[in-house]
file run.cif (mmCIF, C-alpha atoms (C1' of nucleotides))
data_start
#
loop_
_atom_site.label_atom_id
_atom_site.label_comp_id
_atom_site.auth_asym_id
_atom_site.auth_seq_id
_atom_site.Cartn_x
_atom_site.Cartn_y
_atom_site.Cartn_z
CA MET H 19 -86.11 -12.70 -4.94
CA SER H 20 -88.95 -14.23 -6.90
CA GLU H 21 -86.92 -13.56 -10.05
CA GLN H 22 -86.26 -16.44 -12.35
CA THR H 23 -82.95 -17.26 -10.74
CA ASP H 24 -82.73 -20.58 -8.97
CA GLN H 25 -85.78 -22.22 -10.47
CA HIS H 26 -83.62 -24.91 -11.99
CA PRO H 27 -82.74 -27.81 -9.68
CA VAL H 28 -78.99 -27.51 -10.29
CA ASN H 29 -79.08 -24.00 -8.88
CA GLY H 30 -80.11 -25.51 -5.57
CA LEU H 31 -77.02 -27.70 -5.38
CA ASP H 32 -74.22 -26.68 -3.03
CA ASP H 33 -70.84 -27.17 -4.67
CA VAL H 34 -69.25 -28.15 -1.37
CA VAL H 35 -71.68 -31.07 -1.12
CA HIS H 36 -72.18 -31.88 -4.79
CA GLN H 37 -68.49 -32.38 -5.59
CA ARG H 38 -68.00 -36.06 -6.47
CA VAL H 39 -65.52 -37.12 -3.79
CA ARG H 40 -67.15 -35.13 -0.98
CA LEU H 41 -70.55 -36.50 -1.89
CA GLY H 42 -69.01 -39.94 -1.45
CA ILE H 43 -67.51 -39.03 1.91
CA LEU H 44 -70.82 -37.66 3.20
CA THR H 45 -72.70 -40.72 1.93
CA VAL H 46 -70.37 -43.16 3.66
CA ALA H 47 -70.41 -41.08 6.83
CA HIS H 48 -74.21 -41.03 6.75
CA GLN H 49 -74.41 -44.79 6.49
CA ALA H 50 -71.87 -45.58 9.18
CA ARG H 51 -72.23 -42.68 11.59
CA ARG H 52 -68.50 -42.94 12.42
CA VAL H 53 -65.97 -43.80 9.75
CA GLU H 54 -62.25 -44.50 9.80
CA PHE H 55 -59.99 -42.44 7.59
CA GLY H 56 -58.42 -45.57 6.14
CA PHE H 57 -61.76 -47.16 5.36
CA LEU H 58 -62.84 -44.10 3.38
CA ARG H 59 -59.51 -43.98 1.64
CA THR H 60 -59.85 -47.48 0.22
CA THR H 61 -63.61 -47.36 -0.29
CA LEU H 62 -63.41 -44.24 -2.40
CA GLY H 63 -60.02 -45.04 -3.94
CA LEU H 64 -58.31 -41.83 -2.86
CA THR H 65 -54.78 -40.89 -1.94
CA ALA H 66 -54.34 -39.96 1.71
CA GLY H 67 -53.41 -36.41 0.75
CA ASN H 68 -56.49 -35.88 -1.35
CA LEU H 69 -58.79 -37.29 1.31
CA SER H 70 -57.11 -35.21 4.00
CA GLN H 71 -57.87 -32.04 2.08
CA HIS H 72 -61.48 -32.92 1.37
CA LEU H 73 -62.01 -33.62 5.05
CA ALA H 74 -60.54 -30.23 5.87
CA THR H 75 -62.98 -28.63 3.43
CA LEU H 76 -65.95 -30.45 4.94
CA GLU H 77 -64.87 -29.70 8.49
CA LYS H 78 -64.40 -26.02 7.71
CA ALA H 79 -67.92 -25.98 6.24
CA GLY H 80 -69.19 -27.49 9.49
CA LEU H 81 -70.50 -30.64 7.80
CA ILE H 82 -68.35 -33.20 9.62
CA ASP H 83 -66.57 -33.60 12.93
CA ILE H 84 -63.11 -35.11 13.09
CA GLU H 85 -61.97 -37.17 16.06
CA LYS H 86 -58.41 -38.29 16.59
CA GLY H 87 -57.47 -41.09 18.93
CA TYR H 88 -55.92 -44.50 19.24
CA GLU H 89 -57.01 -47.99 18.43
CA GLY H 90 -54.63 -49.99 20.61
CA LYS H 91 -51.33 -48.25 19.90
CA ARG H 92 -52.27 -47.19 16.38
CA ALA H 93 -53.25 -43.61 15.63
CA ARG H 94 -56.65 -43.34 14.03
CA THR H 95 -58.84 -40.59 12.65
CA TRP H 96 -62.58 -40.91 12.60
CA LEU H 97 -65.19 -38.64 11.20
CA SER H 98 -68.90 -38.24 11.64
CA LEU H 99 -71.63 -36.07 10.17
CA THR H 100 -72.70 -33.03 12.10
CA PRO H 101 -76.44 -32.20 12.14
CA ALA H 102 -75.66 -29.56 9.50
CA GLY H 103 -73.90 -32.22 7.43
CA ALA H 104 -76.87 -34.56 7.63
CA GLN H 105 -79.16 -31.71 6.60
CA ALA H 106 -76.91 -30.72 3.72
CA LEU H 107 -76.95 -34.28 2.45
CA ARG H 108 -80.74 -34.41 2.70
CA ASP H 109 -80.96 -31.15 0.73
CA GLU H 110 -78.64 -32.53 -1.94
CA VAL H 111 -80.83 -35.61 -2.27
CA ILE H 112 -83.96 -33.49 -2.59
CA GLN H 113 -82.45 -31.49 -5.43
CA LEU H 114 -81.10 -34.60 -7.14
CA LYS H 115 -84.54 -36.16 -7.04
CA ARG H 116 -86.04 -33.05 -8.60
CA LEU H 117 -83.37 -33.20 -11.28
CA ILE H 118 -83.92 -36.89 -12.00
CA HIS H 119 -87.64 -36.27 -12.14
CA GLN H 120 -87.14 -33.55 -14.75
CA ILE H 121 -84.85 -35.74 -16.81
CA GLU H 122 -87.29 -38.63 -16.74
CA GLN H 123 -90.30 -36.47 -17.55
CA GLY H 124 -88.81 -35.43 -20.85
CA SER H 125 -90.52 -32.09 -20.28
CA SER H 126 -92.38 -30.88 -17.22
CA ASP H 127 -92.06 -27.09 -17.34
CA PRO H 128 -94.10 -25.26 -19.89
CA GLN H 129 -91.77 -23.00 -21.87
CA PRO H 130 -92.87 -19.34 -22.22
CA MET G 1462 -60.24 -55.51 -11.92
CA SER G 1463 -62.42 -57.11 -9.29
CA GLU G 1464 -60.45 -55.17 -6.71
CA GLN G 1465 -62.41 -52.97 -4.36
CA THR G 1466 -61.95 -49.91 -6.51
CA ASP G 1467 -65.09 -48.44 -8.02
CA GLN G 1468 -67.62 -50.28 -5.90
CA HIS G 1469 -68.86 -47.00 -4.52
CA PRO G 1470 -71.47 -45.18 -6.64
CA VAL G 1471 -69.52 -41.92 -6.73
CA ASN G 1472 -66.68 -43.70 -8.50
CA GLY G 1473 -69.04 -44.32 -11.38
CA LEU G 1474 -69.72 -40.62 -11.88
CA ASP G 1475 -68.02 -38.87 -14.79
CA ASP G 1476 -66.73 -35.46 -13.71
CA VAL G 1477 -67.52 -33.96 -17.11
CA VAL G 1478 -71.20 -34.83 -16.61
CA HIS G 1479 -71.49 -34.54 -12.83
CA GLN G 1480 -70.24 -30.95 -12.65
CA ARG G 1481 -73.15 -28.79 -11.47
CA VAL G 1482 -73.51 -26.41 -14.41
CA ARG G 1483 -72.89 -29.03 -17.09
CA LEU G 1484 -75.42 -31.34 -15.47
CA GLY G 1485 -77.90 -28.50 -15.78
CA ILE G 1486 -77.05 -27.93 -19.42
CA LEU G 1487 -77.45 -31.61 -20.27
CA THR G 1488 -80.73 -31.79 -18.37
CA VAL G 1489 -82.24 -28.82 -20.18
CA ALA G 1490 -80.98 -30.12 -23.52
CA HIS G 1491 -82.52 -33.49 -22.77
CA GLN G 1492 -85.91 -31.96 -22.07
CA ALA G 1493 -86.01 -29.67 -25.07
CA ARG G 1494 -83.99 -31.52 -27.70
CA ARG G 1495 -82.80 -28.16 -29.11
CA VAL G 1496 -82.00 -25.26 -26.81
CA GLU G 1497 -81.07 -21.65 -27.41
CA PHE G 1498 -77.90 -20.32 -25.85
CA GLY G 1499 -79.77 -17.38 -24.34
CA PHE G 1500 -82.45 -19.59 -22.81
CA LEU G 1501 -79.82 -21.68 -21.05
CA ARG G 1502 -77.99 -18.59 -19.94
CA THR G 1503 -81.00 -17.20 -18.08
CA THR G 1504 -82.40 -20.55 -16.96
CA LEU G 1505 -79.16 -21.53 -15.29
CA GLY G 1506 -78.17 -18.01 -14.27
CA LEU G 1507 -74.76 -18.02 -15.98
CA THR G 1508 -72.55 -15.42 -17.56
CA ALA G 1509 -72.17 -15.80 -21.32
CA GLY G 1510 -68.46 -16.47 -20.94
CA ASN G 1511 -68.95 -19.24 -18.44
CA LEU G 1512 -71.66 -20.92 -20.51
CA SER G 1513 -69.57 -20.62 -23.66
CA GLN G 1514 -66.71 -22.48 -21.99
CA HIS G 1515 -68.88 -25.24 -20.59
CA LEU G 1516 -70.41 -25.77 -24.02
CA ALA G 1517 -66.93 -26.07 -25.49
CA THR G 1518 -66.10 -28.72 -22.87
CA LEU G 1519 -69.27 -30.68 -23.63
CA GLU G 1520 -68.79 -30.43 -27.37
CA LYS G 1521 -65.18 -31.56 -27.13
CA ALA G 1522 -66.37 -34.54 -25.08
CA GLY G 1523 -68.85 -35.35 -27.85
CA LEU G 1524 -71.90 -34.93 -25.62
CA ILE G 1525 -73.57 -32.07 -27.48
CA ASP G 1526 -73.76 -30.65 -30.97
CA ILE G 1527 -73.67 -26.91 -31.56
CA GLU G 1528 -75.53 -25.26 -34.42
CA LYS G 1529 -75.13 -21.65 -35.42
CA GLY G 1530 -77.63 -19.80 -37.56
CA TYR G 1531 -80.08 -16.96 -37.74
CA GLU G 1532 -83.49 -16.30 -36.35
CA GLY G 1533 -84.70 -13.54 -38.62
CA LYS G 1534 -81.63 -11.31 -38.78
CA ARG G 1535 -80.45 -12.22 -35.29
CA ALA G 1536 -77.51 -14.58 -34.77
CA ARG G 1537 -78.41 -17.59 -32.64
CA THR G 1538 -76.64 -20.62 -31.26
CA TRP G 1539 -78.53 -23.82 -30.51
CA LEU G 1540 -77.34 -27.01 -28.96
CA SER G 1541 -78.67 -30.52 -28.79
CA LEU G 1542 -77.60 -33.76 -27.13
CA THR G 1543 -75.71 -36.29 -29.18
CA PRO G 1544 -76.58 -39.97 -28.66
CA ALA G 1545 -73.43 -40.18 -26.50
CA GLY G 1546 -74.67 -37.22 -24.48
CA ALA G 1547 -78.05 -38.82 -23.90
CA GLN G 1548 -76.32 -42.03 -22.82
CA ALA G 1549 -73.95 -40.15 -20.50
CA LEU G 1550 -76.92 -38.48 -18.84
CA ARG G 1551 -78.69 -41.83 -18.41
CA ASP G 1552 -75.53 -43.25 -16.80
CA GLU G 1553 -75.32 -40.29 -14.44
CA VAL G 1554 -78.94 -40.83 -13.40
CA ILE G 1555 -78.31 -44.53 -12.77
CA GLN G 1556 -75.39 -43.76 -10.47
CA LEU G 1557 -77.28 -40.98 -8.70
CA LYS G 1558 -80.15 -43.35 -8.03
CA ARG G 1559 -77.75 -45.92 -6.57
CA LEU G 1560 -76.29 -43.18 -4.41
CA ILE G 1561 -79.67 -41.94 -3.20
CA HIS G 1562 -80.69 -45.50 -2.47
CA GLN G 1563 -77.59 -45.98 -0.31
CA ILE G 1564 -78.22 -42.76 1.54
CA GLU G 1565 -81.83 -43.62 2.22
CA GLN G 1566 -81.06 -47.16 3.32
CA GLY G 1567 -78.95 -45.90 6.20
CA SER G 1568 -76.78 -48.98 5.56
CA SER G 1569 -77.03 -51.53 2.79
CA ASP G 1570 -73.49 -52.90 2.52
CA PRO G 1571 -72.29 -55.17 5.23
CA GLN G 1572 -68.96 -53.88 6.51
CA PRO G 1573 -66.14 -56.47 6.75
"C1'" DA D 382 -30.63 -47.63 19.03
"C1'" DC D 383 -31.77 -47.48 14.35
"C1'" DA D 384 -34.17 -49.07 10.09
"C1'" DA D 385 -38.62 -49.87 8.31
"C1'" DC D 386 -43.56 -49.35 8.57
"C1'" DT D 387 -48.16 -47.07 9.55
"C1'" DA D 388 -51.19 -43.07 9.60
"C1'" DG D 389 -51.93 -38.96 8.21
"C1'" DT D 390 -50.41 -33.77 6.98
"C1'" DT D 391 -48.04 -30.37 4.29
"C1'" DT D 392 -46.27 -28.71 0.08
"C1'" DG D 393 -45.72 -27.91 -4.86
"C1'" DT D 394 -47.75 -28.20 -9.39
"C1'" DA D 395 -51.07 -28.60 -12.97
"C1'" DA D 396 -56.00 -28.46 -14.22
"C1'" DT D 397 -60.65 -26.55 -13.54
"C1'" DG D 398 -64.31 -23.07 -12.60
"C1'" DC D 399 -65.81 -18.57 -12.42
"C1'" DA D 400 -66.59 -13.47 -13.29
"C1'" DA D 401 -65.26 -9.52 -15.62
"C1'" DA D 402 -63.23 -7.31 -19.40
"C1'" DA D 403 -61.75 -7.02 -24.02
"C1'" DC D 404 -62.82 -8.55 -28.56
"C1'" DT D 405 -65.60 -10.15 -33.07
"C1'" DG D 406 -69.17 -9.81 -36.43
"C1'" DA D 407 -73.45 -8.72 -37.77
"C1'" DC D 408 -77.35 -5.76 -37.47
"C1'" DT D 409 -79.71 -0.99 -36.22
"C1'" DG D 410 -80.27 3.68 -35.98
"C1'" DC D 411 -79.09 8.41 -37.35
"C1'" DG I 1257 -70.66 5.54 -42.80
"C1'" DC I 1258 -70.07 5.33 -38.12
"C1'" DA I 1259 -71.73 5.10 -33.07
"C1'" DG I 1260 -74.48 1.80 -30.46
"C1'" DT I 1261 -76.54 -2.99 -29.66
"C1'" DC I 1262 -76.83 -7.90 -29.73
"C1'" DA I 1263 -74.95 -12.57 -29.50
"C1'" DG I 1264 -71.51 -14.86 -28.32
"C1'" DT I 1265 -66.07 -15.90 -27.85
"C1'" DT I 1266 -61.58 -15.27 -25.98
"C1'" DT I 1267 -58.57 -13.59 -22.53
"C1'" DT I 1268 -57.26 -12.50 -17.87
"C1'" DG I 1269 -56.92 -13.09 -13.10
"C1'" DC I 1270 -58.03 -15.55 -9.09
"C1'" DA I 1271 -59.79 -19.34 -6.08
"C1'" DT I 1272 -60.46 -24.34 -5.78
"C1'" DT I 1273 -59.18 -29.13 -6.90
"C1'" DA I 1274 -56.52 -33.31 -7.59
"C1'" DC I 1275 -52.54 -35.61 -7.24
"C1'" DA I 1276 -47.86 -36.96 -5.95
"C1'" DA I 1277 -43.94 -36.47 -3.21
"C1'" DA I 1278 -41.84 -35.04 0.80
"C1'" DC I 1279 -42.50 -34.73 5.62
"C1'" DT I 1280 -43.94 -35.64 10.75
"C1'" DA I 1281 -44.97 -38.58 14.54
"C1'" DG I 1282 -45.48 -42.67 16.70
"C1'" DT I 1283 -44.69 -48.17 16.41
"C1'" DT I 1284 -42.57 -52.42 15.48
"C1'" DG I 1285 -38.60 -55.39 14.49
"C1'" DT I 1286 -33.81 -56.71 15.22
#
call {"tool": "encode", "arguments": {"input": "run.cif", "output": "structure tokens"}}
result
Amino acid sequence: MSEQTDQHPVNGLDDVVHQRVRLGILTVAHQARRVEFGFLRTTLGLTAGNLSQHLATLEKAGLIDIEKGYEGKRARTWLSLTPAGAQALRDEVIQLKRLIHQIEQGSSDPQP
Amino acid sequence: MSEQTDQHPVNGLDDVVHQRVRLGILTVAHQARRVEFGFLRTTLGLTAGNLSQHLATLEKAGLIDIEKGYEGKRARTWLSLTPAGAQALRDEVIQLKRLIHQIEQGSSDPQP
DNA sequence: ACAACTAGTTTGTAATGCAAAACTGACTGC
DNA sequence: GCAGTCAGTTTTGCATTACAAACTAGTTGT
């Protein structure tokens, strides 16, 4: 386990979280705590079908909760981060910072 | 063009660069300026086939150059960032920083 | 009551990502 | 000279993704 796997920051990134669109969804959800489907759709410039599937992926991974209800007579879908989702986003940020640090250092690791 | 497309940081990310493995390749290449295939392979924990295909993608996108030659009698492949590759990595970092900033703010954009 | 609209899901298709296996080409014994 | 390695490429098969188009369900207009 202390092999030389996973020493590089990108190996600490979870593909479910790192994927461009889902990273956007989690970011918006983190900022707002409860987001409308339609708001996400326009903010991120997605088709409804594409967004619907990404939400299913995130829900299945336990990173978001989905709530369905009505706003007046209009059907609405809201989503919010679960604690696991908030943690996953924090972890992603930690790894991204490590990565950015490495890029900006030019070279930090000594090479054997 | 001043529509509300692309205002979110994730919409400024290029999928060729943002992809986990390729981001790792570009980062290592940036640090070392000239990297051996085998070094990347072990550093990022990839199969040779997978790495070979990602390098082809990056080369086709003009982000890296690939050099083949010999080290003693042993065949070696090296790669290095092109100017476009270095720029693409800088752009990725800029967008990631914007994203991290948004996440850490809690909320920076006023919502209409 | 029926056409049109809103909000979102399901479905079908093409592209991408990955590991494993088969394949090259060049060197290394024996 | 021919079996075995080394360094990497190409092919194969499968899961995931992105997108559009068709579909469902409820709402509004006439």
call {"tool": "interface_residues", "arguments": {"input": "run.cif", "of": "chain G", "to": "chain H", "cutoff": "10 Å", "atoms": "all atoms listed in the file", "output": "ChimeraX atom specification"}}
result
/G:1465-1476,1479-1494,1500,1503-1507,1550-1551,1553-1555,1557-1558,1560-1570,1572
call {"tool": "resolve_selection", "arguments": {"input": "run.cif", "expression": "the PyMOL selection byres ((chain D) within 9 of (chain G))", "output": "mmCIF file with C-alpha atoms (C1' of nucleotides), in the coordinates of the input"}}
result
data_model
loop_
_atom_site.group_PDB
_atom_site.id
_atom_site.type_symbol
_atom_site.label_atom_id
_atom_site.label_comp_id
_atom_site.auth_asym_id
_atom_site.auth_seq_id
_atom_site.Cartn_x
_atom_site.Cartn_y
_atom_site.Cartn_z
ATOM 1 C "C1'" DG D 398 -64.310 -23.070 -12.600
ATOM 2 C "C1'" DC D 399 -65.810 -18.570 -12.420
ATOM 3 C "C1'" DA D 400 -66.590 -13.470 -13.290
ATOM 4 C "C1'" DA D 407 -73.450 -8.720 -37.770
ATOM 5 C "C1'" DC D 408 -77.350 -5.760 -37.470
#
call {"tool": "interface_residues", "arguments": {"input": "run.cif", "of": "chain I", "to": "chain H", "cutoff": "12 Å", "atoms": "only C-alpha atoms (C1' of nucleotides)", "output": "list of chain:residue names"}}
result
I:DT1272, I:DT1273, I:DA1274, I:DC1275, I:DA1276, I:DA1277, I:DA1278, I:DA1281, I:DG1282, I:DT1283, I:DT1284
call {"tool": "resolve_selection", "arguments": {"input": "run.cif", "expression": "the PyMOL selection byres ((chain G and resi 1522) around 12)", "output": "list in words"}}
result
Asp1475, Asp1476, Val1477, Val1478, Arg1483, His1515, Leu1516, Ala1517, Thr1518, Leu1519, Glu1520, Lys1521, Gly1523, Leu1524, Ile1525, Asp1526, Leu1542, Thr1543, Ala1545, Gly1546 and Ala1549 of chain G
call {"tool": "atom_distance", "arguments": {"input": "run.cif", "atom1": "atom CA of Lys86 of chain H", "atom2": "atom C1' of DG389 of chain D"}}
result
10.6 Å
call {"tool": "atom_distance", "arguments": {"input": "run.cif", "atom1": "atom C1' of DC411 of chain D", "atom2": "atom CA of Gly1499 of chain G"}}
result
28.9 Å
call {"tool": "atom_distance", "arguments": {"input": "run.cif", "atom1": "atom C1' of DT391 of chain D", "atom2": "atom C1' of DT1280 of chain I"}}
result
9.3 Å
call {"tool": "residues_around", "arguments": {"input": "run.cif", "residues": "DT1267 of chain I", "least_positions_apart": "5", "cutoff": "9 Å", "atoms": "all atoms listed in the file", "output": "PDB file with C-alpha atoms (C1' of nucleotides), in the frame of the given file"}}
result
ATOM      1  C1'  DA D 402     -63.230  -7.310 -19.400  1.00  0.00           C
ATOM      2  C1'  DA D 403     -61.750  -7.020 -24.020  1.00  0.00           C
ATOM      3  C1'  DC D 404     -62.820  -8.550 -28.560  1.00  0.00           C
TER       4       DC D 404
END
